[in-house]
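All remarks here apply to the structure that follows.
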Amino acid sequence: MNIPERIAVRLPQLVFPFSEAFYNHNRVPKLGSVPFLTHKRHLGLGLSKKMSSSMENCHVDVQNKLEVVRPATEVYAQEAIEALKAGKVIAVPTDTLYGFACDACSLEAVSSIYEMKGRKHTSPLAICVGDVSHIQHFAVTEYLPHGLLDSLLPGPVTVILRRGESSALEKSLNPGLDSVGVRVPDCNFIRAVARGLGKAVALTSANLSGQPSSLCIKDFENLWNRCAYVYDGGALPSNGAGSTIVDLTLPGKYKILRPGSAREETLAILEKHSLVEEAPVI
């Protein structure tokens with residue numbers, strides 16, 4: 001055996017964790033008639049250098065990636081949509097934390113999320129929609145000041161609104177509650193998935209109930225086997241506080257239920273639209 005042959009034998013076989021389509025960013029699937037929005041952070045060949053570095057820092061096993069993990073890029077959005085339509089649970093990045101997502105109208109999928117998190121069924125799930133204009137299909141918005149929702153969203157804010165009798169949400173989601181938390185994350189992947197599904201997406205943090213939130217997919221690796229797919233957006237640049245939750249169910253008033261990661265910005269927007277803080281119940 002000559003020297004080049006000996007070197008070839010000793011070289012380890014390269015294993016690429018993503019498919020060829022991932023490296024060819026020109027092969028972007030069409031999401032029905034809705035074009036995919038351009039992400040604020042340039043994705044280049046699927047992920048920015050910053051995201052790629054973050055993903056490497058998570059030290060995720062390559063073999064596990066081959067099984068369930070995908071990059072959170074437009075190439076895989078249609079796959080995620082089909083998984084939700086089939087009643088599956090997926091893990092996705094948002095603009096704050098990683099979350100578990102499913103079709104909010106699938107009782108079986110919603111039950112799976114409660115079970116995998118060890119969460120009490122009395123704890124409500126928020127929903128995610130692709131655009132602010134879609135909120136009106138699931139909650140009452142007419143009494144809100146003009147432009148308020150567009151000022152708060154997309155962003156790291158969950159707004160609590162009244163469901164109303166005309167809500168398209170299934171009665172089985174958060175039964176007994178006349179309000180619902182709504183998110184429009186500043187994250188193009190989950191927004192494209194929500195648009196493609198054409199229904200509300202149930203969304204909750206990707207962790208066991210009571211455990212720390214996940215800023216990297218490695219943080220909830222013990223729950224990967226409960227997901228159809230885990231979409232990796234790298235380590236999220238968040239303080240782990242989650243979204244700011246604001247109750248807007250009373251006309252002209254607001255109540256901060258969780259400070260979250262955007263409290264000051266949210267308060268400034270609420271005051272600009274002449275909302276006043278709801279007086280605490282004594």
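Each chain of the structure tokens is named A, B, ... in the order shown, its residues numbered from 1; ligands are numbered from 1 in display order.
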List every residue of range 137-222 of chain A that has an atom at most 8 Å from any atom of range 100-111 of chain A, and for each one report the closest atom pair and its distance in Å to one decimal, counting only C-alpha atoms, with rows sorted by chain and then by increasing residue number, as a tab-separated table.
residue	atom	partner	partner_atom	distance
A:Leu169	CA	A:Cys105	CA	6.7
A:Glu170	CA	A:Cys105	CA	5.4
A:Ser172	CA	A:Leu107	CA	6.6
A:Leu173	CA	A:Ala104	CA	6.8
A:Leu197	CA	A:Asp103	CA	8.0
A:Lys199	CA	A:Asp103	CA	7.3
A:Ala200	CA	A:Ala104	CA	5.6
A:Val201	CA	A:Asp103	CA	4.9
A:Ala202	CA	A:Ala104	CA	4.5
A:Leu203	CA	A:Ala101	CA	4.7
A:Thr204	CA	A:Phe100	CA	5.4
A:Ser205	CA	A:Phe100	CA	6.0
A:Ala206	CA	A:Phe100	CA	5.1
Residue list (helix (DSSP H, G or I), DSSP) for range 84-170 of chain A, as a list in words: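 Across range 84-170 of chain A, those assigned helix (DSSP H, G or I) are Leu84, Lys85, Leu107, Glu108, Ala109, Val110, Ser111, Ser112, Ile113, Tyr114, Glu115, Met116, Lys117, Val132, Ser133, His134, Ile135, Gln136, His137, Leu148, Leu149, Asp150, Ser151 and Leu152 of chain A.
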Please return as a ChimeraX atom specification: the residues of range 75-194 of chain A that backbone DSSP assigns to strand (DSSP E). /A:90-93,98-103,126-128,157-162,179-183
Pick from A:Val89, A:Val246, A:Ala235, A:Cys128, whichever lies nearest to Gly198 in chain A using only C-alpha atoms: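 Checking each of A:Val89, A:Val246, A:Ala235, A:Cys128 against Gly198 in chain A, counting only C-alpha atoms, the winner is A:Cys128.
Interatomic distance, CA of Ser112 in chain A to CA of Gly210 in chain A: 17.3 Å.
Using only C-alpha atoms, the protein and nucleic acid residues lying no more than 12 Å from Ile245 in chain A, apart from those fewer than 5 places from it along its own chain, are Ala126, Leu152, Gly155, Pro156, Val157, Thr158, Val159, Ile160, Leu161, Val180, Gly181, Val182, Arg183, Tyr254, Lys255, Ile256, Leu257, Arg258, Pro259, Gly260, Ser261, Ala262, Arg263, Thr266 and Leu267 of chain A.
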Output for the residues just chosen: C-alpha atoms as a short mmCIF file (atom, residue, chain, number, x, y, z; two decimals), in the first residue's frame:
data_model
loop_
_atom_site.label_atom_id
_atom_site.label_comp_id
_atom_site.auth_asym_id
_atom_site.auth_seq_id
_atom_site.Cartn_x
_atom_site.Cartn_y
_atom_site.Cartn_z
CA ALA A 126 -50.69 30.51 24.40
CA LEU A 152 -46.28 45.59 20.24
CA GLY A 155 -41.89 40.97 19.22
CA PRO A 156 -41.19 39.35 22.61
CA VAL A 157 -44.67 40.09 23.96
CA THR A 158 -47.68 37.87 24.75
CA VAL A 159 -50.99 39.75 24.71
CA ILE A 160 -53.92 38.35 26.69
CA LEU A 161 -57.15 39.05 24.83
CA VAL A 180 -56.25 33.61 25.31
CA GLY A 181 -52.57 34.57 25.16
CA VAL A 182 -51.39 35.42 21.64
CA ARG A 183 -47.85 35.65 20.29
CA TYR A 254 -53.52 46.92 30.98
CA LYS A 255 -51.94 44.65 33.54
CA ILE A 256 -48.41 43.23 33.34
CA LEU A 257 -48.66 39.57 34.34
CA ARG A 258 -44.97 38.79 33.73
CA PRO A 259 -42.20 41.38 33.25
CA GLY A 260 -40.37 39.20 30.73
CA SER A 261 -37.70 40.52 28.41
CA ALA A 262 -39.49 43.62 27.06
CA ARG A 263 -41.21 45.23 30.03
CA THR A 266 -44.03 47.44 26.36
CA LEU A 267 -44.93 49.99 29.04
#
To one decimal in Å, tell me the separation between CA of Lys88 in chain A and CA of Gly196 in chain A.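 According to the coordinates, CA of Lys88 in chain A and CA of Gly196 in chain A are separated by 15.1 Å.
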Between CA of Met116 in chain A and CA of Lys218 in chain A lies a distance of 16.5 Å
Who sits within 12 Å of range 227-229 of chain A, only C-alpha atoms, same chain under 6 positions skipped, as a tab-separated table (two decimals) with N, CA, C and O atoms, in the first residue's frame:
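Once everything was written out, this is out_3.tsv:
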chain	number	residue	atom	x	y	z
A	64	ASN	N	-27.64	12.30	16.52
A	64	ASN	CA	-28.95	12.76	16.92
A	64	ASN	C	-29.49	13.79	15.94
A	64	ASN	O	-30.69	13.83	15.65
A	65	LYS	N	-28.61	14.64	15.42
A	65	LYS	CA	-29.02	15.62	14.43
A	65	LYS	C	-29.61	14.92	13.20
A	65	LYS	O	-30.62	15.35	12.64
A	66	LEU	N	-28.97	13.86	12.77
A	66	LEU	CA	-29.42	13.15	11.59
A	66	LEU	C	-30.82	12.58	11.79
A	66	LEU	O	-31.57	12.39	10.84
A	67	GLU	N	-31.20	12.30	13.03
A	67	GLU	CA	-32.48	11.66	13.30
A	67	GLU	C	-33.63	12.65	13.41
A	67	GLU	O	-34.66	12.48	12.77
A	68	VAL	N	-33.51	13.68	14.25
A	68	VAL	CA	-34.64	14.58	14.46
A	68	VAL	C	-34.33	16.06	14.28
A	68	VAL	O	-35.26	16.85	14.10
A	69	VAL	N	-33.08	16.47	14.33
A	69	VAL	CA	-32.76	17.89	14.31
A	69	VAL	C	-32.57	18.42	12.90
A	69	VAL	O	-31.96	17.77	12.05
A	70	ARG	N	-33.16	19.58	12.67
A	70	ARG	CA	-33.04	20.27	11.38
A	70	ARG	C	-32.67	21.72	11.66
A	70	ARG	O	-32.99	22.25	12.72
A	71	PRO	N	-32.03	22.39	10.71
A	71	PRO	CA	-31.80	23.83	10.89
A	71	PRO	C	-33.11	24.59	10.71
A	71	PRO	O	-33.96	24.22	9.89
A	72	ALA	N	-33.32	25.61	11.49
A	72	ALA	CA	-34.55	26.41	11.41
A	72	ALA	C	-34.44	27.40	10.27
A	72	ALA	O	-34.32	28.62	10.46
A	76	TYR	N	-36.81	24.02	5.48
A	76	TYR	CA	-37.51	23.00	6.26
A	76	TYR	C	-38.88	23.45	6.78
A	76	TYR	O	-39.52	22.73	7.54
A	77	ALA	N	-39.33	24.62	6.38
A	77	ALA	CA	-40.61	25.13	6.87
A	77	ALA	C	-41.78	24.23	6.46
A	77	ALA	O	-42.67	23.94	7.26
A	79	GLU	N	-41.79	21.07	5.79
A	79	GLU	CA	-41.72	19.83	6.56
A	79	GLU	C	-42.36	20.03	7.93
A	79	GLU	O	-43.11	19.18	8.42
A	80	ALA	N	-42.08	21.16	8.56
A	80	ALA	CA	-42.66	21.47	9.87
A	80	ALA	C	-44.17	21.63	9.78
A	80	ALA	O	-44.92	21.17	10.65
A	81	ILE	N	-44.63	22.27	8.72
A	81	ILE	CA	-46.07	22.46	8.51
A	81	ILE	C	-46.78	21.11	8.39
A	81	ILE	O	-47.82	20.88	9.01
A	82	GLU	N	-46.20	20.21	7.61
A	82	GLU	CA	-46.81	18.89	7.43
A	82	GLU	C	-46.83	18.11	8.74
A	82	GLU	O	-47.78	17.36	9.02
A	83	ALA	N	-45.81	18.27	9.56
A	83	ALA	CA	-45.77	17.59	10.86
A	83	ALA	C	-46.91	18.08	11.74
A	83	ALA	O	-47.58	17.29	12.42
A	84	LEU	N	-47.15	19.40	11.75
A	84	LEU	CA	-48.24	19.94	12.55
A	84	LEU	C	-49.60	19.48	12.03
A	84	LEU	O	-50.50	19.16	12.81
A	85	LYS	N	-49.74	19.44	10.72
A	85	LYS	CA	-51.00	18.96	10.13
A	85	LYS	C	-51.28	17.51	10.50
A	85	LYS	O	-52.44	17.09	10.59
A	86	ALA	N	-50.21	16.75	10.73
A	86	ALA	CA	-50.35	15.34	11.10
A	86	ALA	C	-50.55	15.16	12.60
A	86	ALA	O	-50.59	14.03	13.10
A	87	GLY	N	-50.68	16.27	13.34
A	87	GLY	CA	-50.92	16.18	14.77
A	87	GLY	C	-49.68	15.95	15.60
A	87	GLY	O	-49.78	15.50	16.75
A	88	LYS	N	-48.51	16.27	15.05
A	88	LYS	CA	-47.25	16.05	15.76
A	88	LYS	C	-46.83	17.30	16.53
A	88	LYS	O	-47.31	18.41	16.28
A	89	VAL	N	-45.90	17.11	17.46
A	89	VAL	CA	-45.30	18.20	18.21
A	89	VAL	C	-43.90	18.45	17.67
A	89	VAL	O	-43.14	17.50	17.43
A	90	ILE	N	-43.55	19.71	17.46
A	90	ILE	CA	-42.21	20.07	17.02
A	90	ILE	C	-41.61	21.07	18.01
A	90	ILE	O	-42.33	21.71	18.77
A	91	ALA	N	-40.29	21.20	17.98
A	91	ALA	CA	-39.61	22.19	18.81
A	91	ALA	C	-39.04	23.27	17.89
A	91	ALA	O	-38.45	22.95	16.85
A	92	VAL	N	-39.25	24.52	18.27
A	92	VAL	CA	-38.86	25.63	17.40
A	92	VAL	C	-38.20	26.76	18.20
A	92	VAL	O	-38.48	26.93	19.38
A	99	GLY	N	-39.42	26.68	22.00
A	99	GLY	CA	-40.75	26.28	22.40
A	99	GLY	C	-41.21	25.00	21.74
A	99	GLY	O	-40.67	24.59	20.71
A	100	PHE	N	-42.20	24.35	22.36
A	100	PHE	CA	-42.89	23.23	21.74
A	100	PHE	C	-44.11	23.79	21.04
A	100	PHE	O	-44.82	24.62	21.60
A	101	ALA	N	-44.35	23.32	19.83
A	101	ALA	CA	-45.47	23.83	19.04
A	101	ALA	C	-46.28	22.68	18.46
A	101	ALA	O	-45.74	21.61	18.14
A	102	CYS	N	-47.59	22.91	18.33
A	102	CYS	CA	-48.46	21.93	17.70
A	102	CYS	C	-49.69	22.67	17.18
A	102	CYS	O	-49.90	23.86	17.46
A	109	ALA	N	-52.62	16.41	19.99
A	109	ALA	CA	-51.32	17.07	20.01
A	109	ALA	C	-51.16	17.96	21.24
A	109	ALA	O	-50.11	17.98	21.88
A	112	SER	N	-50.46	15.91	24.18
A	112	SER	CA	-49.08	15.43	24.16
A	112	SER	C	-48.13	16.45	24.76
A	112	SER	O	-47.19	16.09	25.48
A	113	ILE	N	-48.35	17.72	24.47
A	113	ILE	CA	-47.50	18.77	25.02
A	113	ILE	C	-47.62	18.83	26.54
A	113	ILE	O	-46.63	18.93	27.26
A	116	MET	N	-45.73	15.69	27.92
A	116	MET	CA	-44.28	15.70	27.81
A	116	MET	C	-43.64	16.74	28.74
A	116	MET	O	-42.53	16.57	29.21
A	117	LYS	N	-44.36	17.83	29.04
A	117	LYS	CA	-43.84	18.85	29.94
A	117	LYS	C	-44.14	18.54	31.41
A	117	LYS	O	-43.55	19.14	32.29
A	206	ALA	N	-40.04	25.07	25.72
A	206	ALA	CA	-39.52	23.71	25.52
A	206	ALA	C	-38.71	23.29	26.74
A	206	ALA	O	-37.48	23.38	26.76
A	217	ILE	N	-30.94	24.05	21.90
A	217	ILE	CA	-31.64	22.77	21.82
A	217	ILE	C	-31.03	21.72	22.75
A	217	ILE	O	-31.71	20.79	23.17
A	220	PHE	N	-32.86	20.95	26.16
A	220	PHE	CA	-34.00	20.04	26.32
A	220	PHE	C	-33.80	18.74	25.53
A	220	PHE	O	-34.74	18.14	25.04
A	221	GLU	N	-32.55	18.32	25.45
A	221	GLU	CA	-32.22	17.11	24.69
A	221	GLU	C	-32.97	15.88	25.21
A	221	GLU	O	-33.29	14.96	24.45
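Restricting the calculation to only C-alpha atoms, the smallest distance between Leu177 in chain A and any of A:Gly164, A:Gly147, A:His134, A:Leu97 is found for A:Gly164.
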